[in-house]
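This is entry-v7.tsv (TSV, C-alpha atoms).
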chain	number	residue	atom	x	y	z
O	9	MET	CA	86.94	-126.51	19.37
O	10	SER	CA	84.95	-129.00	17.36
O	11	THR	CA	81.49	-128.37	15.99
O	12	PRO	CA	78.81	-130.81	17.10
O	13	ARG	CA	78.39	-133.62	14.58
O	14	PRO	CA	74.90	-134.39	13.29
O	15	ALA	CA	73.28	-137.46	14.76
O	16	ARG	CA	73.36	-139.45	11.50
O	17	PRO	CA	75.73	-137.79	9.04
O	18	ARG	CA	74.98	-138.56	5.41
O	19	LEU	CA	77.13	-141.19	3.85
O	20	HIS	CA	79.96	-139.94	1.70
O	21	GLY	CA	79.15	-140.17	-2.01
O	22	PRO	CA	81.34	-142.97	-3.33
O	23	ALA	CA	80.60	-144.93	-0.17
O	24	ARG	CA	77.03	-145.21	-1.40
O	25	ILE	CA	78.27	-147.14	-4.41
O	26	LEU	CA	80.06	-149.48	-2.04
O	27	VAL	CA	76.84	-149.98	-0.09
O	28	ALA	CA	74.92	-150.59	-3.33
O	29	VAL	CA	77.36	-153.23	-4.58
O	30	TYR	CA	77.37	-154.90	-1.16
O	31	ALA	CA	73.58	-154.94	-1.21
O	32	VAL	CA	73.54	-156.60	-4.64
O	33	LEU	CA	76.07	-159.19	-3.50
O	34	ALA	CA	74.11	-159.77	-0.28
O	35	VAL	CA	70.90	-160.40	-2.22
O	36	ALA	CA	72.63	-162.65	-4.75
O	37	ALA	CA	74.51	-164.64	-2.14
O	38	THR	CA	71.49	-165.02	0.13
O	39	GLY	CA	69.17	-166.11	-2.65
O	40	ARG	CA	71.57	-168.63	-4.07
O	41	SER	CA	72.71	-170.14	-0.77
O	42	ALA	CA	69.16	-170.35	0.59
O	43	PHE	CA	68.10	-172.19	-2.53
O	44	GLN	CA	71.08	-174.53	-2.48
O	45	ILE	CA	70.42	-175.46	1.13
O	46	VAL	CA	66.73	-176.12	0.53
O	47	ASP	CA	67.32	-177.99	-2.70
O	48	ARG	CA	70.49	-180.05	-2.37
O	49	PHE	CA	72.17	-179.50	0.99
O	50	ASP	CA	73.57	-183.03	1.12
O	51	GLU	CA	75.60	-182.48	-2.06
O	52	ALA	CA	78.06	-180.13	-0.40
O	53	PRO	CA	76.96	-179.39	3.17
O	54	ILE	CA	80.15	-177.68	4.23
O	55	ALA	CA	80.36	-175.41	1.21
O	56	PHE	CA	76.67	-174.51	1.41
O	57	SER	CA	76.82	-173.82	5.15
O	58	LEU	CA	79.78	-171.54	4.66
O	59	SER	CA	77.91	-169.88	1.82
O	60	ALA	CA	74.94	-169.23	4.11
O	61	ALA	CA	77.24	-167.77	6.78
O	62	ALA	CA	78.83	-165.57	4.12
O	63	ALA	CA	75.43	-164.35	2.97
O	64	VAL	CA	74.44	-163.36	6.53
O	65	VAL	CA	77.75	-161.56	6.95
O	66	TYR	CA	77.19	-159.70	3.65
O	67	ILE	CA	73.80	-158.53	4.84
O	68	VAL	CA	75.24	-157.30	8.14
O	69	ALA	CA	78.17	-155.65	6.32
O	70	THR	CA	75.77	-153.81	4.00
O	71	LEU	CA	73.81	-152.50	6.96
O	72	ALA	CA	76.98	-151.63	8.89
O	73	LEU	CA	78.33	-149.58	6.00
O	74	ALA	CA	75.01	-147.84	5.38
O	75	LEU	CA	74.32	-147.09	9.04
O	76	ARG	CA	77.93	-146.36	9.96
O	77	TRP	CA	78.36	-149.11	12.54
O	78	ASP	CA	82.11	-148.85	12.13
O	79	ARG	CA	83.23	-151.65	14.40
O	80	VAL	CA	80.70	-154.07	12.95
O	81	ALA	CA	81.80	-153.04	9.46
O	82	TRP	CA	85.46	-153.74	10.22
O	83	ILE	CA	84.61	-157.14	11.67
O	84	THR	CA	82.26	-158.28	8.92
O	85	ILE	CA	84.34	-157.03	6.01
O	86	GLY	CA	87.50	-158.40	7.57
O	87	PHE	CA	85.77	-161.75	8.06
O	88	GLU	CA	84.73	-161.76	4.42
O	89	LEU	CA	88.22	-161.04	3.17
O	90	ILE	CA	89.64	-163.86	5.26
O	91	GLY	CA	86.78	-166.09	4.18
O	92	VAL	CA	87.19	-165.52	0.45
O	93	LEU	CA	90.95	-166.02	0.69
O	94	VAL	CA	90.76	-169.19	2.78
O	95	ILE	CA	87.79	-170.81	1.02
O	96	GLY	CA	89.04	-169.65	-2.35
O	97	THR	CA	92.40	-171.32	-1.74
O	98	LEU	CA	90.83	-174.50	-0.37
O	99	SER	CA	88.49	-174.73	-3.35
O	100	LEU	CA	91.52	-174.69	-5.62
O	101	VAL	CA	93.95	-176.95	-3.80
O	102	ALA	CA	91.78	-179.18	-1.61
O	103	PRO	CA	88.21	-179.10	-2.91
O	104	ALA	CA	87.22	-182.34	-1.23
O	105	VAL	CA	87.50	-180.59	2.13
O	106	LEU	CA	84.58	-178.41	1.10
O	107	GLY	CA	82.71	-181.22	-0.57
O	108	LEU	CA	83.43	-179.78	-3.98
O	109	PRO	CA	84.14	-182.01	-6.96
O	110	ASP	CA	87.66	-183.26	-7.30
O	111	GLY	CA	89.50	-184.26	-10.44
O	112	GLU	CA	90.81	-182.55	-13.51
O	113	PHE	CA	91.55	-178.92	-12.72
O	114	ILE	CA	89.81	-176.94	-15.44
O	115	ALA	CA	86.65	-179.01	-15.28
O	116	ARG	CA	86.31	-178.87	-11.53
O	117	VAL	CA	86.95	-175.15	-11.45
O	118	LEU	CA	85.21	-173.80	-14.52
O	119	GLY	CA	83.04	-176.63	-15.73
O	120	PRO	CA	79.26	-176.91	-15.43
O	121	GLU	CA	79.60	-178.97	-12.26
O	122	GLY	CA	82.54	-176.97	-11.08
O	123	ALA	CA	83.23	-174.85	-8.06
O	124	ALA	CA	82.90	-171.43	-9.64
O	125	PHE	CA	79.85	-171.69	-11.89
O	126	GLY	CA	78.33	-175.07	-11.22
O	127	ARG	CA	75.74	-176.62	-8.97
O	128	ALA	CA	77.98	-176.44	-5.94
O	129	GLY	CA	79.30	-173.00	-6.78
O	130	THR	CA	79.35	-170.60	-3.90
O	131	VAL	CA	80.23	-166.99	-3.30
O	132	TRP	CA	83.76	-167.67	-2.13
O	133	ALA	CA	84.71	-170.58	-4.34
O	134	ILE	CA	87.72	-169.81	-6.53
O	135	TYR	CA	87.99	-166.38	-4.91
O	136	GLY	CA	84.50	-165.48	-6.07
O	137	LEU	CA	85.19	-166.21	-9.71
O	138	GLY	CA	81.53	-167.11	-10.23
O	139	TYR	CA	80.73	-163.54	-9.19
O	140	LEU	CA	83.36	-161.88	-11.37
O	141	LEU	CA	85.81	-161.75	-8.43
O	142	VAL	CA	83.62	-159.10	-6.80
O	143	PRO	CA	83.68	-161.02	-3.48
O	144	LEU	CA	87.46	-160.63	-3.53
O	145	ALA	CA	87.68	-157.00	-4.63
O	146	LEU	CA	84.85	-155.70	-2.51
O	147	PRO	CA	86.23	-156.39	0.99
O	148	ILE	CA	89.59	-154.95	-0.04
O	149	ILE	CA	87.90	-151.77	-1.23
O	150	GLY	CA	85.68	-151.82	1.85
O	151	LEU	CA	88.61	-152.04	4.26
O	152	LEU	CA	90.47	-149.29	2.43
O	153	TYR	CA	87.38	-147.12	2.68
O	154	LEU	CA	87.00	-147.81	6.41
O	155	ARG	CA	90.65	-147.00	6.97
O	156	HIS	CA	90.25	-143.76	5.01
O	157	ARG	CA	87.24	-142.82	7.12
O	158	ARG	CA	89.02	-143.60	10.36
O	159	ARG	CA	91.98	-141.43	9.42
O	160	ALA	CA	89.73	-138.59	8.31
O	161	ALA	CA	87.90	-138.75	11.64
O	162	ARG	CA	91.15	-138.29	13.53
O	163	VAL	CA	91.88	-134.92	11.92
B	9	MET	CA	64.63	-168.54	-21.73
B	10	ILE	CA	65.06	-167.67	-25.34
B	11	ASP	CA	68.59	-166.98	-26.47
B	12	VAL	CA	67.60	-164.01	-28.60
B	13	TYR	CA	65.70	-162.41	-25.76
B	14	THR	CA	68.59	-163.01	-23.39
B	15	ILE	CA	70.86	-161.15	-25.78
B	16	ILE	CA	68.40	-158.25	-25.83
B	17	LEU	CA	68.05	-158.22	-22.04
B	18	VAL	CA	71.78	-158.49	-21.36
B	19	GLY	CA	72.56	-155.94	-24.07
B	20	VAL	CA	70.07	-153.35	-22.91
B	21	ALA	CA	70.96	-153.82	-19.26
B	22	THR	CA	74.65	-153.42	-20.04
B	23	LEU	CA	74.05	-150.29	-22.10
B	24	VAL	CA	71.80	-148.78	-19.45
B	25	GLY	CA	74.35	-149.68	-16.78
B	26	ALA	CA	77.24	-148.14	-18.65
B	27	LEU	CA	75.17	-145.05	-19.46
B	28	CYS	CA	74.15	-144.47	-15.86
B	29	VAL	CA	77.63	-145.10	-14.46
B	30	VAL	CA	79.19	-142.66	-16.91
B	31	LEU	CA	76.50	-140.01	-16.46
B	32	GLY	CA	76.80	-140.39	-12.69
B	33	LEU	CA	80.56	-140.05	-12.69
B	34	VAL	CA	80.38	-136.87	-14.75
B	35	GLY	CA	78.02	-135.40	-12.20
B	36	ARG	CA	74.50	-135.87	-13.52
B	37	LYS	CA	71.76	-136.33	-10.96
B	38	PRO	CA	69.09	-138.94	-11.60
B	39	ALA	CA	66.82	-137.65	-14.32
B	40	ASP	CA	64.28	-138.90	-16.80
B	41	LEU	CA	66.85	-140.54	-19.03
B	42	THR	CA	68.61	-142.49	-16.32
B	43	ILE	CA	65.57	-143.41	-14.23
B	44	LEU	CA	63.41	-144.38	-17.19
B	45	SER	CA	66.19	-146.43	-18.75
B	46	VAL	CA	66.34	-148.52	-15.58
B	47	ALA	CA	62.56	-148.75	-15.63
B	48	LEU	CA	62.91	-150.13	-19.16
B	49	VAL	CA	65.21	-152.85	-17.83
B	50	GLU	CA	62.54	-153.73	-15.28
B	51	VAL	CA	59.94	-153.99	-18.05
B	52	LEU	CA	62.25	-156.33	-19.98
B	53	LEU	CA	62.64	-158.41	-16.81
B	54	LEU	CA	58.88	-158.65	-16.38
B	55	VAL	CA	58.60	-159.83	-19.98
B	56	GLN	CA	61.25	-162.40	-19.07
B	57	VAL	CA	59.00	-163.58	-16.24
B	58	VAL	CA	56.18	-164.12	-18.73
B	59	ILE	CA	58.50	-165.96	-21.11
B	60	ALA	CA	59.75	-168.18	-18.31
B	61	LEU	CA	56.19	-169.01	-17.28
B	62	ILE	CA	55.10	-169.91	-20.79
B	63	ALA	CA	58.27	-171.54	-22.16
B	64	PRO	CA	58.08	-174.96	-20.47
B	65	ALA	CA	54.53	-175.37	-21.74
B	66	VAL	CA	55.52	-174.75	-25.36
B	67	GLY	CA	58.49	-177.07	-25.56
B	68	ASN	CA	61.31	-175.03	-24.03
B	69	PRO	CA	61.85	-176.44	-20.56
B	70	PRO	CA	64.96	-175.57	-18.56
B	71	THR	CA	67.81	-178.03	-18.51
B	72	GLY	CA	68.96	-176.64	-15.21
B	73	ASN	CA	67.23	-176.26	-11.89
B	74	LEU	CA	63.98	-174.34	-12.23
B	75	GLY	CA	63.91	-173.27	-8.59
B	76	GLU	CA	67.38	-171.80	-8.81
B	77	PHE	CA	66.36	-169.97	-11.98
B	78	TRP	CA	63.37	-168.37	-10.27
B	79	VAL	CA	65.44	-167.31	-7.27
B	80	TYR	CA	67.67	-165.40	-9.68
B	81	LEU	CA	64.75	-163.95	-11.63
B	82	VAL	CA	62.80	-162.81	-8.58
B	83	SER	CA	65.92	-161.25	-7.04
B	84	ALA	CA	66.62	-159.52	-10.33
B	85	CYS	CA	63.10	-158.10	-10.53
B	86	LEU	CA	63.53	-156.50	-7.09
B	87	MET	CA	66.65	-154.59	-8.01
B	88	PRO	CA	65.58	-151.92	-10.51
B	89	PRO	CA	62.71	-150.70	-8.29
B	90	ALA	CA	65.08	-150.56	-5.32
B	91	ALA	CA	67.62	-148.61	-7.34
B	92	ILE	CA	64.95	-146.23	-8.61
B	93	VAL	CA	63.63	-145.58	-5.12
B	94	TRP	CA	67.20	-144.89	-4.03
B	95	ALA	CA	67.66	-142.49	-6.94
B	96	LEU	CA	64.40	-140.68	-6.27
B	97	THR	CA	65.07	-140.16	-2.56
B	98	ASP	CA	68.75	-139.34	-2.85
B	99	ARG	CA	69.22	-137.14	-5.86
B	100	THR	CA	72.97	-137.01	-6.26
B	101	ARG	CA	75.41	-138.12	-8.90
B	102	TRP	CA	76.19	-141.17	-6.80
B	103	SER	CA	72.67	-142.48	-6.98
B	104	THR	CA	72.95	-142.24	-10.75
B	105	VAL	CA	75.99	-144.49	-10.50
B	106	VAL	CA	73.99	-146.79	-8.22
B	107	LEU	CA	71.33	-147.02	-10.97
B	108	GLY	CA	74.09	-148.15	-13.29
B	109	VAL	CA	75.42	-150.69	-10.81
B	110	GLY	CA	71.95	-152.16	-10.50
B	111	ALA	CA	71.53	-152.43	-14.26
B	112	LEU	CA	74.93	-154.08	-14.68
B	113	ALA	CA	74.04	-156.56	-11.95
B	114	ILE	CA	70.89	-157.41	-13.92
B	115	ALA	CA	72.99	-158.03	-17.02
B	116	VAL	CA	75.17	-160.52	-15.15
B	117	MET	CA	72.17	-162.22	-13.57
B	118	ALA	CA	70.39	-162.53	-16.90
B	119	TYR	CA	73.44	-164.20	-18.35
B	120	ARG	CA	73.55	-166.63	-15.40
B	121	MET	CA	69.83	-167.34	-15.76
B	122	ASN	CA	70.30	-168.24	-19.40
B	123	GLN	CA	73.09	-170.59	-18.40
B	124	ILE	CA	70.84	-172.28	-15.89
B	125	TRP	CA	68.02	-172.60	-18.42
B	126	ASN	CA	69.95	-173.67	-21.49
B	127	VAL	CA	73.31	-175.05	-20.41
B	128	GLN	CA	73.44	-176.42	-16.90
B	129	LEU	CA	71.99	-179.77	-15.98
B	130	ALA	CA	69.57	-180.01	-13.07
Could you write out this structure as structure tokens?
Amino acid sequence: MSTPRPARPRLHGPARILVAVYAVLAVAATGRSAFQIVDRFDEAPIAFSLSAAAAVVYIVATLALALRWDRVAWITIGFELIGVLVIGTLSLVAPAVLGLPDGEFIARVLGPEGAAFGRAGTVWAIYGLGYLLVPLALPIIGLLYLRHRRRAARV
Amino acid sequence: MIDVYTIILVGVATLVGALCVVLGLVGRKPADLTILSVALVEVLLLVQVVIALIAPAVGNPPTGNLGEFWVYLVSACLMPPAAIVWALTDRTRWSTVVLGVGALAIAVMAYRMNQIWNVQLA
């Protein structure tokens, strides 16, 4: 016999940290991509469009985690993990596809015009190196958390 | 931005962040020390706003994109109040950690803002 669950159970403690970090990343990604699009969209339209999509997904993921929309959380966080892995790899091996600068490796990755920290830097470039690899670590942690919650709910 | 002030801002934000994360993980609920330390970071950010408004007029213009800089600075200014509201409404150890996360995010953003102002080219 199961006890009735409250309508909106409070979020488990450490999960709140996850929500907080997602919120910070959502704000950072949204601010930066919005500015890049307004200011210099033609410089790297593909990269900036993907960055805007990523920002929207981060916002939705933050809300999904906070409000316990489990299916939406799985979809958005999964999308982000795939996104950071695919775009991160492309930005390293085929930057021209994303409209990122080509050329000597260290300069185009780490330099002032580079993919991670430069003018065309985006959340997923170089696996989120410009954001201390948080965009790579966060979805992994997020998916592990969702899986933990799903298993706990089955008990 | 002024390099010395950036060092102060990044240093204080990092210390406050580390303090709040540690105090949160050992079980302290948000209290005067943690909440006011984050409020201090907000004050330092507001001073940064003043500096950024005055600097171009006194011979310290940004080398990087001014709009991008302000997007960072405005976003940064929104974070400590949000974290403090969170801590005041949800008084658990985890919201203390959240205070720390917010402060550490400010430290990173301040570093990036200094890069935009002093290093990057517009």
Within 10 Å of chain O, which residues belong to chain B? Use all atoms listed in the file and report them as a tab-separated table (two decimals) with C-alpha atoms, in the frame of the given file.
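Everything below was put into selection-v6.tsv:
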chain	number	residue	atom	x	y	z
B	33	LEU	CA	80.56	-140.05	-12.69
B	72	GLY	CA	68.96	-176.64	-15.21
B	73	ASN	CA	67.23	-176.26	-11.89
B	75	GLY	CA	63.91	-173.27	-8.59
B	76	GLU	CA	67.38	-171.80	-8.81
B	77	PHE	CA	66.36	-169.97	-11.98
B	78	TRP	CA	63.37	-168.37	-10.27
B	79	VAL	CA	65.44	-167.31	-7.27
B	80	TYR	CA	67.67	-165.40	-9.68
B	82	VAL	CA	62.80	-162.81	-8.58
B	83	SER	CA	65.92	-161.25	-7.04
B	84	ALA	CA	66.62	-159.52	-10.33
B	86	LEU	CA	63.53	-156.50	-7.09
B	87	MET	CA	66.65	-154.59	-8.01
B	91	ALA	CA	67.62	-148.61	-7.34
B	94	TRP	CA	67.20	-144.89	-4.03
B	100	THR	CA	72.97	-137.01	-6.26
B	101	ARG	CA	75.41	-138.12	-8.90
B	102	TRP	CA	76.19	-141.17	-6.80
B	103	SER	CA	72.67	-142.48	-6.98
B	104	THR	CA	72.95	-142.24	-10.75
B	105	VAL	CA	75.99	-144.49	-10.50
B	106	VAL	CA	73.99	-146.79	-8.22
B	107	LEU	CA	71.33	-147.02	-10.97
B	108	GLY	CA	74.09	-148.15	-13.29
B	109	VAL	CA	75.42	-150.69	-10.81
B	110	GLY	CA	71.95	-152.16	-10.50
B	113	ALA	CA	74.04	-156.56	-11.95
B	114	ILE	CA	70.89	-157.41	-13.92
B	116	VAL	CA	75.17	-160.52	-15.15
B	117	MET	CA	72.17	-162.22	-13.57
B	120	ARG	CA	73.55	-166.63	-15.40
B	123	GLN	CA	73.09	-170.59	-18.40
B	124	ILE	CA	70.84	-172.28	-15.89
B	127	VAL	CA	73.31	-175.05	-20.41
B	128	GLN	CA	73.44	-176.42	-16.90
B	129	LEU	CA	71.99	-179.77	-15.98
B	130	ALA	CA	69.57	-180.01	-13.07
Kindly give the distance, in Å, that separates atom CA of Ala63 of chain O and atom CA of Ala104 of chain O, rounded to a single decimal.
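For atom CA of Ala63 of chain O relative to atom CA of Ala104 of chain O, the distance reads 21.9 Å.
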From the list O:Val117, O:Arg162, O:Val101, O:Leu151, the nearest residue to Ile83 of chain O using all atoms listed in the file is O:Leu151
Which protein, DNA or RNA residues are at most 10 Å from (77.7, -163.8, 4.6) in the file's coordinates when you count all atoms listed in the file, listed as a PDB file with C-alpha atoms, in the frame of the given file?
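And here's out_20.pdb as it stands now:
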ATOM      1  CA  LEU O  33      76.070-159.190  -3.500  1.00  0.00           C
ATOM      2  CA  ALA O  34      74.110-159.770  -0.280  1.00  0.00           C
ATOM      3  CA  ALA O  37      74.510-164.640  -2.140  1.00  0.00           C
ATOM      4  CA  THR O  38      71.490-165.020   0.130  1.00  0.00           C
ATOM      5  CA  SER O  41      72.710-170.140  -0.770  1.00  0.00           C
ATOM      6  CA  LEU O  58      79.780-171.540   4.660  1.00  0.00           C
ATOM      7  CA  SER O  59      77.910-169.880   1.820  1.00  0.00           C
ATOM      8  CA  ALA O  60      74.940-169.230   4.110  1.00  0.00           C
ATOM      9  CA  ALA O  61      77.240-167.770   6.780  1.00  0.00           C
ATOM     10  CA  ALA O  62      78.830-165.570   4.120  1.00  0.00           C
ATOM     11  CA  ALA O  63      75.430-164.350   2.970  1.00  0.00           C
ATOM     12  CA  VAL O  64      74.440-163.360   6.530  1.00  0.00           C
ATOM     13  CA  VAL O  65      77.750-161.560   6.950  1.00  0.00           C
ATOM     14  CA  TYR O  66      77.190-159.700   3.650  1.00  0.00           C
ATOM     15  CA  ILE O  67      73.800-158.530   4.840  1.00  0.00           C
ATOM     16  CA  VAL O  68      75.240-157.300   8.140  1.00  0.00           C
ATOM     17  CA  ALA O  69      78.170-155.650   6.320  1.00  0.00           C
ATOM     18  CA  THR O  84      82.260-158.280   8.920  1.00  0.00           C
ATOM     19  CA  ILE O  85      84.340-157.030   6.010  1.00  0.00           C
ATOM     20  CA  PHE O  87      85.770-161.750   8.060  1.00  0.00           C
ATOM     21  CA  GLU O  88      84.730-161.760   4.420  1.00  0.00           C
ATOM     22  CA  GLY O  91      86.780-166.090   4.180  1.00  0.00           C
ATOM     23  CA  VAL O 131      80.230-166.990  -3.300  1.00  0.00           C
ATOM     24  CA  TRP O 132      83.760-167.670  -2.130  1.00  0.00           C
TER      25      TRP O 132
END
Taking 5 positions as the minimum chain separation for residues in the same chain, which residues sit within 10 Å of Ala145 of chain O when counting only C-alpha atoms? Answer as a PyMOL selection string.
chain O and resi 89+92+135-136+140+150
Calculate how many Å separate atom CA of Pro88 of chain B from atom CA of Ala21 of chain B, rounding to one decimal.
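Value for the atom CA of Pro88 of chain B-atom CA of Ala21 of chain B distance: 10.4 Å.
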For a test of reading the model, state the distance in Å between atom CA of Ala63 of chain B and atom CA of Val12 of chain B, rounded to one decimal.
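Interatomic distance, atom CA of Ala63 of chain B to atom CA of Val12 of chain B: 13.6 Å.
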